[in-house]
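What follows is the content of model_4.cif, which has mmCIF, C-alpha atoms (C1' of nucleotides):
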data_upload
loop_
_atom_site.label_atom_id
_atom_site.label_comp_id
_atom_site.auth_asym_id
_atom_site.auth_seq_id
_atom_site.Cartn_x
_atom_site.Cartn_y
_atom_site.Cartn_z
CA MET H 1 124.95 196.50 93.08
CA LYS H 2 125.53 192.74 92.99
CA ILE H 3 128.91 191.10 92.49
CA ILE H 4 129.31 187.35 91.97
CA THR H 5 132.26 184.98 92.09
CA TRP H 6 131.92 181.50 90.58
CA ASN H 7 134.24 178.62 89.83
CA VAL H 8 132.51 177.19 86.73
CA ASN H 9 134.70 174.07 86.29
CA SER H 10 134.59 174.41 82.46
CA ILE H 11 132.91 177.42 80.86
CA ASN H 12 132.02 175.24 77.89
CA VAL H 13 129.81 172.99 80.04
CA ARG H 14 128.51 175.80 82.27
CA GLN H 15 127.73 178.44 79.62
CA VAL H 16 123.99 177.75 79.89
CA HIS H 17 124.05 178.29 83.68
CA LEU H 18 126.09 181.47 83.23
CA GLU H 19 123.56 182.90 80.78
CA GLU H 20 120.74 182.12 83.23
CA ILE H 21 122.59 183.99 85.99
CA LEU H 22 123.24 187.02 83.76
CA LYS H 23 119.56 187.12 82.73
CA ASP H 24 117.94 186.33 86.09
CA VAL H 25 120.30 187.72 88.74
CA LYS H 26 121.74 190.58 86.62
CA PRO H 27 124.98 191.11 88.56
CA ALA H 28 127.00 194.26 87.85
CA ILE H 29 130.17 192.15 87.90
CA ILE H 30 130.89 188.43 87.82
CA GLY H 31 134.31 186.79 88.18
CA LEU H 32 134.74 183.26 86.80
CA GLN H 33 137.42 180.68 87.56
CA GLU H 34 138.47 177.36 86.01
CA LEU H 35 137.40 178.18 82.47
CA LYS H 36 139.35 175.15 81.20
CA CYS H 37 139.58 176.62 77.70
CA GLU H 38 141.88 178.82 75.67
CA THR H 39 141.10 182.53 75.69
CA ALA H 40 139.82 182.51 72.09
CA SER H 41 137.24 179.83 72.96
CA PHE H 42 135.61 181.94 75.71
CA PRO H 43 131.95 182.72 74.75
CA PHE H 44 132.54 186.48 74.31
CA ASP H 45 129.69 186.82 71.79
CA ALA H 46 127.06 185.21 74.03
CA VAL H 47 128.08 187.46 76.93
CA LYS H 48 128.05 190.57 74.74
CA ALA H 49 124.61 189.64 73.42
CA LEU H 50 123.33 189.93 77.00
CA GLY H 51 124.75 193.45 77.31
CA TYR H 52 127.97 192.69 79.19
CA HIS H 53 131.66 193.36 78.64
CA ALA H 54 134.04 190.42 79.11
CA ILE H 55 137.77 189.90 79.48
CA ALA H 56 139.39 186.50 79.88
CA SER H 57 142.71 184.77 80.29
CA GLY H 58 142.60 181.06 79.54
CA GLN H 59 144.68 178.06 78.61
CA LYS H 60 143.96 174.58 77.32
CA ALA H 61 142.32 172.14 79.80
CA TYR H 62 143.28 173.82 83.10
CA ASN H 63 142.80 177.03 85.10
CA GLY H 64 141.65 180.22 83.35
CA VAL H 65 139.81 183.29 84.70
CA ALA H 66 137.39 185.90 83.34
CA LEU H 67 135.69 189.13 84.40
CA ILE H 68 132.25 190.04 83.10
CA SER H 69 130.82 193.49 83.82
CA GLU H 70 128.12 195.95 82.82
CA VAL H 71 130.68 198.79 82.84
CA GLU H 72 133.74 198.55 80.61
CA PRO H 73 136.83 197.21 82.46
CA LYS H 74 139.98 199.35 82.28
CA ASP H 75 143.69 199.02 83.22
CA ILE H 76 143.65 195.23 82.90
CA ASP H 77 146.23 193.02 84.65
CA VAL H 78 146.68 189.39 83.62
CA ASN H 79 148.63 187.22 86.06
CA LEU H 80 150.79 188.39 88.96
CA PRO H 81 153.42 190.90 87.78
CA ASN H 82 155.80 189.61 90.50
CA PHE H 83 155.47 185.85 89.84
CA GLU H 84 156.44 184.15 86.58
CA ASP H 85 153.83 181.51 85.79
CA ASP H 86 152.38 179.71 82.76
CA GLN H 87 149.15 179.02 84.66
CA GLN H 88 146.34 181.52 84.11
CA ARG H 89 145.11 182.34 87.61
CA LEU H 90 144.51 186.08 87.92
CA ILE H 91 142.71 188.83 86.06
CA ALA H 92 142.20 192.33 87.46
CA ALA H 93 140.65 195.53 86.17
CA THR H 94 139.25 198.87 87.22
CA ILE H 95 135.46 198.74 86.89
CA GLY H 96 133.73 202.00 87.77
CA ASP H 97 135.21 203.21 91.06
CA CYS H 98 136.44 199.73 92.12
CA ARG H 99 139.68 197.87 91.54
CA VAL H 100 138.46 194.30 91.01
CA ILE H 101 140.78 191.29 91.34
CA ASN H 102 139.58 187.81 90.36
CA VAL H 103 141.75 184.82 91.35
CA TYR H 104 141.99 181.08 91.10
CA VAL H 105 144.47 180.14 93.82
CA PRO H 106 146.35 176.84 93.29
CA ASN H 107 144.70 173.82 94.96
CA GLY H 108 147.91 172.38 96.40
CA GLN H 109 146.76 168.75 96.07
CA LYS H 110 148.48 167.41 99.25
CA VAL H 111 150.27 169.08 102.15
CA GLY H 112 154.03 168.81 101.62
CA SER H 113 153.78 168.06 97.88
CA GLU H 114 155.45 170.08 95.11
CA LYS H 115 152.04 171.54 94.24
CA TYR H 116 151.58 172.60 97.88
CA GLU H 117 154.92 174.44 97.83
CA TYR H 118 153.84 176.14 94.58
CA LYS H 119 150.57 177.16 96.25
CA LEU H 120 152.42 178.77 99.18
CA ARG H 121 154.84 180.59 96.84
CA TRP H 122 151.90 181.81 94.73
CA LEU H 123 150.06 183.05 97.85
CA SER H 124 153.16 184.91 99.02
CA ALA H 125 153.42 186.77 95.69
CA PHE H 126 149.66 187.39 95.74
CA HIS H 127 149.99 188.92 99.23
CA ASP H 128 152.59 191.38 97.93
CA TYR H 129 150.43 192.20 94.89
CA LEU H 130 147.46 192.97 97.17
CA LYS H 131 149.66 195.21 99.32
CA ASP H 132 150.67 197.19 96.23
CA THR H 133 147.05 197.35 95.07
CA LEU H 134 145.87 198.79 98.41
CA GLU H 135 148.51 201.51 98.14
CA LYS H 136 147.25 202.49 94.67
CA TYR H 137 143.47 202.11 94.99
CA GLU H 138 140.90 203.12 97.59
CA ASN H 139 138.09 200.66 96.75
CA VAL H 140 139.36 197.11 96.24
CA VAL H 141 137.25 193.98 95.71
CA VAL H 142 139.14 190.68 95.69
CA MET H 143 137.14 187.59 94.79
CA GLY H 144 137.65 184.04 93.69
CA ASP H 145 138.39 180.45 94.53
CA PHE H 146 141.05 180.78 97.24
CA ASN H 147 141.22 177.02 97.91
CA ILE H 148 141.53 177.85 101.63
CA VAL H 149 139.07 177.03 104.44
CA PRO H 150 139.64 179.97 106.82
CA LYS H 151 138.25 178.42 110.02
CA ASP H 152 136.94 175.14 111.43
CA GLU H 153 133.37 176.43 111.17
CA ASP H 154 133.87 176.63 107.37
CA VAL H 155 134.21 172.86 106.85
CA TYR H 156 131.72 170.03 107.47
CA ALA H 157 134.15 167.82 109.41
CA PRO H 158 136.89 169.97 110.94
CA GLU H 159 138.45 167.13 112.92
CA LEU H 160 138.72 164.99 109.77
CA TRP H 161 140.25 167.84 107.77
CA ARG H 162 142.54 169.36 110.41
CA GLY H 163 146.00 169.90 108.93
CA LYS H 164 144.93 168.53 105.52
CA ILE H 165 144.96 170.36 102.19
CA LEU H 166 142.72 173.48 102.14
CA CYS H 167 142.74 173.49 105.98
CA SER H 168 146.43 173.48 106.93
CA ASP H 169 147.85 176.07 109.32
CA GLN H 170 150.16 177.48 106.62
CA GLU H 171 147.23 178.07 104.27
CA ARG H 172 145.13 179.65 107.03
CA THR H 173 148.05 181.86 108.03
CA ALA H 174 148.41 183.00 104.41
CA PHE H 175 144.69 183.87 104.37
CA ASN H 176 144.93 185.81 107.65
CA ASP H 177 148.04 187.62 106.41
CA MET H 178 146.00 188.90 103.45
CA LEU H 179 143.23 190.10 105.79
CA SER H 180 145.84 191.86 107.92
CA LEU H 181 146.75 194.06 104.95
CA GLY H 182 143.38 195.76 105.49
CA PHE H 183 140.65 193.52 104.08
CA VAL H 184 137.36 192.27 105.48
CA ASP H 185 136.29 188.63 104.95
CA ALA H 186 132.91 189.75 103.62
CA LEU H 187 131.05 186.42 103.75
CA ARG H 188 131.95 185.82 107.37
CA ILE H 189 131.11 189.32 108.54
CA PHE H 190 127.87 189.58 106.59
CA ALA H 191 126.78 185.94 106.50
CA THR H 192 123.09 185.34 105.93
CA GLN H 193 123.21 181.55 105.86
CA ASP H 194 124.81 179.00 108.14
CA PRO H 195 126.90 177.21 107.10
CA MET H 196 128.29 179.38 104.29
CA PHE H 197 129.70 176.47 102.28
CA THR H 198 130.56 177.28 98.65
CA TRP H 199 131.98 173.98 97.38
CA TRP H 200 130.87 170.37 97.62
CA ASP H 201 132.86 167.45 96.17
CA TYR H 202 131.06 165.65 93.33
CA ARG H 203 131.83 162.33 95.01
CA GLN H 204 129.72 160.43 97.54
CA GLY H 205 126.73 162.75 97.28
CA GLN H 206 128.40 165.42 99.37
CA PHE H 207 126.08 168.21 98.19
CA GLU H 208 122.97 166.23 99.16
CA LYS H 209 124.53 165.61 102.59
CA ASP H 210 125.68 169.26 102.80
CA GLU H 211 129.25 168.10 103.37
CA GLY H 212 130.89 171.21 101.98
CA MET H 213 133.52 173.84 102.58
CA ARG H 214 133.81 177.62 102.32
CA ILE H 215 136.74 178.11 99.92
CA ASP H 216 135.37 180.89 97.65
CA HIS H 217 135.78 184.32 99.17
CA PHE H 218 135.31 188.06 98.87
CA LEU H 219 137.91 190.31 100.49
CA LEU H 220 136.81 193.94 100.65
CA SER H 221 139.04 196.90 101.43
CA LYS H 222 137.82 198.69 104.57
CA ASN H 223 136.47 201.61 102.58
CA ILE H 224 134.19 199.54 100.37
CA SER H 225 133.16 197.12 103.15
CA SER H 226 131.08 199.96 104.64
CA ARG H 227 128.80 199.62 101.56
CA MET H 228 128.23 195.92 102.14
CA MET H 229 124.62 194.92 102.80
CA ARG H 230 124.54 191.12 102.62
CA SER H 231 125.97 188.03 100.99
CA GLU H 232 124.41 184.89 99.59
CA VAL H 233 125.52 181.48 98.36
CA LEU H 234 123.41 180.58 95.29
CA ARG H 235 122.85 176.95 96.25
CA GLU H 236 120.09 176.57 93.66
CA VAL H 237 122.73 176.80 90.91
CA ARG H 238 124.78 173.99 92.55
CA ALA H 239 121.52 171.95 92.61
CA LYS H 240 120.93 172.24 88.83
CA GLU H 241 121.46 169.49 86.26
CA ARG H 242 125.14 168.98 85.43
CA PRO H 243 126.38 171.61 87.91
CA SER H 244 129.79 172.99 88.73
CA ASP H 245 131.05 171.63 92.04
CA HIS H 246 131.09 175.27 93.29
CA ALA H 247 128.03 177.45 93.95
CA PRO H 248 128.16 181.08 92.80
CA VAL H 249 128.56 183.50 95.71
CA ALA H 250 126.99 186.97 95.62
CA ILE H 251 127.56 190.13 97.63
CA TYR H 252 125.27 193.15 97.61
CA LEU H 253 126.77 196.64 97.92
CA LYS H 254 124.99 199.97 98.34
CA ASP H 255 125.28 201.93 95.08
"C1'" DA R 1 142.07 152.17 103.18
"C1'" DT R 2 143.96 156.02 98.54
"C1'" DG R 3 138.54 154.90 97.04
"C1'" DG R 4 134.52 157.96 95.08
"C1'" DT R 5 133.02 161.89 90.37
"C1'" DA R 6 133.64 165.25 86.84
"C1'" DG R 7 136.12 167.62 83.04
"C1'" DA R 8 139.75 167.86 79.66
"C1'" DG R 9 140.96 164.95 75.94
"C1'" DT R 10 142.08 159.84 74.72
"C1'" DG R 11 145.90 157.83 78.57
"C1'" DT R 12 146.10 160.29 82.48
"C1'" DC R 13 146.16 164.56 85.03
"C1'" DT R 14 143.82 167.73 88.07
"C1'" DA R 15 140.65 168.94 91.45
#
The structure given in the file should be rewritten as structure tokens.
Amino acid sequence: MKIITWNVNSINVRQVHLEEILKDVKPAIIGLQELKCETASFPFDAVKALGYHAIASGQKAYNGVALISEVEPKDIDVNLPNFEDDQQRLIAATIGDCRVINVYVPNGQKVGSEKYEYKLRWLSAFHDYLKDTLEKYENVVVMGDFNIVPKDEDVYAPELWRGKILCSDQERTAFNDMLSLGFVDALRIFATQDPMFTWWDYRQGQFEKDEGMRIDHFLLSKNISSRMMRSEVLREVRAKERPSDHAPVAIYLKD
DNA sequence: ATGGTAGAGTGTCTA
């Protein structure tokens, strides 16, 4: 069983790449972030035509998340129940025997800024939501764009980025606090490539130079992590014409 | 140094 997370940076522009992934890779579940469209504009029909269910929560121009799955999603959550927010950043559902949570964590822009404070508040509420989820469900898969580089080995120039946005101690602490609830950082434990970068800035040819970061993650509850076989960053999708700045990331679980 | 590229939507904002 394959599960994919992918920040599409506009579903409108990336719909063709999405359809190729659904046809060629055939994941059981795929979580999308940064739809950048209102919910009604999500390509539900195209996804259904390929045999998948889809749920989405979008807004004009920014943010937006979706879950696509072979099995019908049930008990759907949109947004954090414990954090009032106009920004569409979370969608969760029960798919088969898994509770699946797909997130687009705030970027934070600059350490110390208002957006950074919002990011830390959002992460705190997300932490509490994950704690509740682990109490209710045995098999939990959390995936998405966390906008956090967990360790120095996850960024191309750690000395340049030390203390900066995506790499600050407060962000890394928030990430580790989530792991401490009882999750495994699946890509780090079951890495098959080195480095495991998932995002490369469009500017200055950073993908060609492999100047990237690992900011897209899978957190698996201990129970489901025992089914994990391997993970893979789909770099060939980042290398396509008119790509997202993120590569899709796949994990493979025993059925 | 406050760039640089892309996407949304049309003057900037966000990443």
Run through the PyMOL selection byres ((chain R) within 12 of (chain H)) on the given coordinates and return the selected residues as a list in words.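 In the shown coordinates, the PyMOL selection byres ((chain R) within 12 of (chain H)) covers DG3, DG4, DT5, DA6, DG7, DA8, DG9, DC13, DT14 and DA15 of chain R.
Distance annotation: of H:Ala239, H:Cys98, H:Asp24, H:Pro73, the residue with the minimal separation from Lys136 (chain H) is H:Cys98; atom set is all atoms listed in the file.
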Pick from H:Leu67, H:Leu160, H:Leu134, H:Ala125 nearest to Pro81 (chain H), counting all atoms listed in the file: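 Distance minimum relative to Pro81 (chain H) lands on H:Ala125.
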If I wrap all listed atoms of region 6-9 of chain R in a box with edges along x, y and z and add 8 Å on each side, what are its centre and edge lengths in Å to one decimal, as lines of an AutoDock Vina configuration file?
center_x = 137.3
center_y = 166.4
center_z = 81.4
size_x = 23.3
size_y = 18.9
size_z = 26.9
What does the distance between CA of His53 (chain H) and CA of Val71 (chain H) come to in Å, to one decimal place? 6.9 Å
In Å, how far is it from CA of Leu219 (chain H) to CA of Glu117 (chain H)?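 Calculated distance between CA of Leu219 (chain H) and CA of Glu117 (chain H) is 23.4 Å.
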Find the distance between CA of Tyr252 (chain H) and CA of Ile3 (chain H) and write it in Å to one decimal.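 About the pair CA of Tyr252 (chain H) and CA of Ile3 (chain H): they are 6.6 Å apart.
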Expected selection from the PyMOL selection byres ((chain H and resi 210) around 10), given as a ChimeraX atom specification: /H:156,195,197,199-201,205-209,211-213
Measuring between all atoms listed in the file, which one of H:Gly64, H:Gln170, H:Arg230, H:Lys131 shows the shortest distance to Phe42 (chain H)?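 Residue with the minimum atom-to-atom distance to Phe42 (chain H): H:Gly64.
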Would you translate the PyMOL selection byres ((chain H and resi 173) around 12) into the concrete set of residues it matches in this file, as a list in words?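 Here the PyMOL selection byres ((chain H and resi 173) around 12) matches Leu120, Leu123, Ser124, His127, Ile148, Val149, Pro150, Lys151, Leu166, Cys167, Ser168, Asp169, Gln170, Glu171, Arg172, Ala174, Phe175, Asn176, Asp177, Met178, Leu179 and Ser180 of chain H.
Among the candidate residues H:Asp216, H:Glu232, H:Asp45, H:Asp77, the one lying nearest to Tyr129 (chain H) is H:Asp77, with distances computed using only C-alpha atoms.
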Quick one: residues within 9 Å of Gly144 (chain H), only C-alpha atoms (C1' of nucleotides) counted, chain neighbours fewer than 4 positions away excluded, as a list in words?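 The neighbour list is Thr5, Trp6, Asn7, Gly31, Leu32, Gln33, Ile101, Asn102, Val103, Tyr104, Val105, Ile215, Asp216, His217 and Phe218 of chain H.
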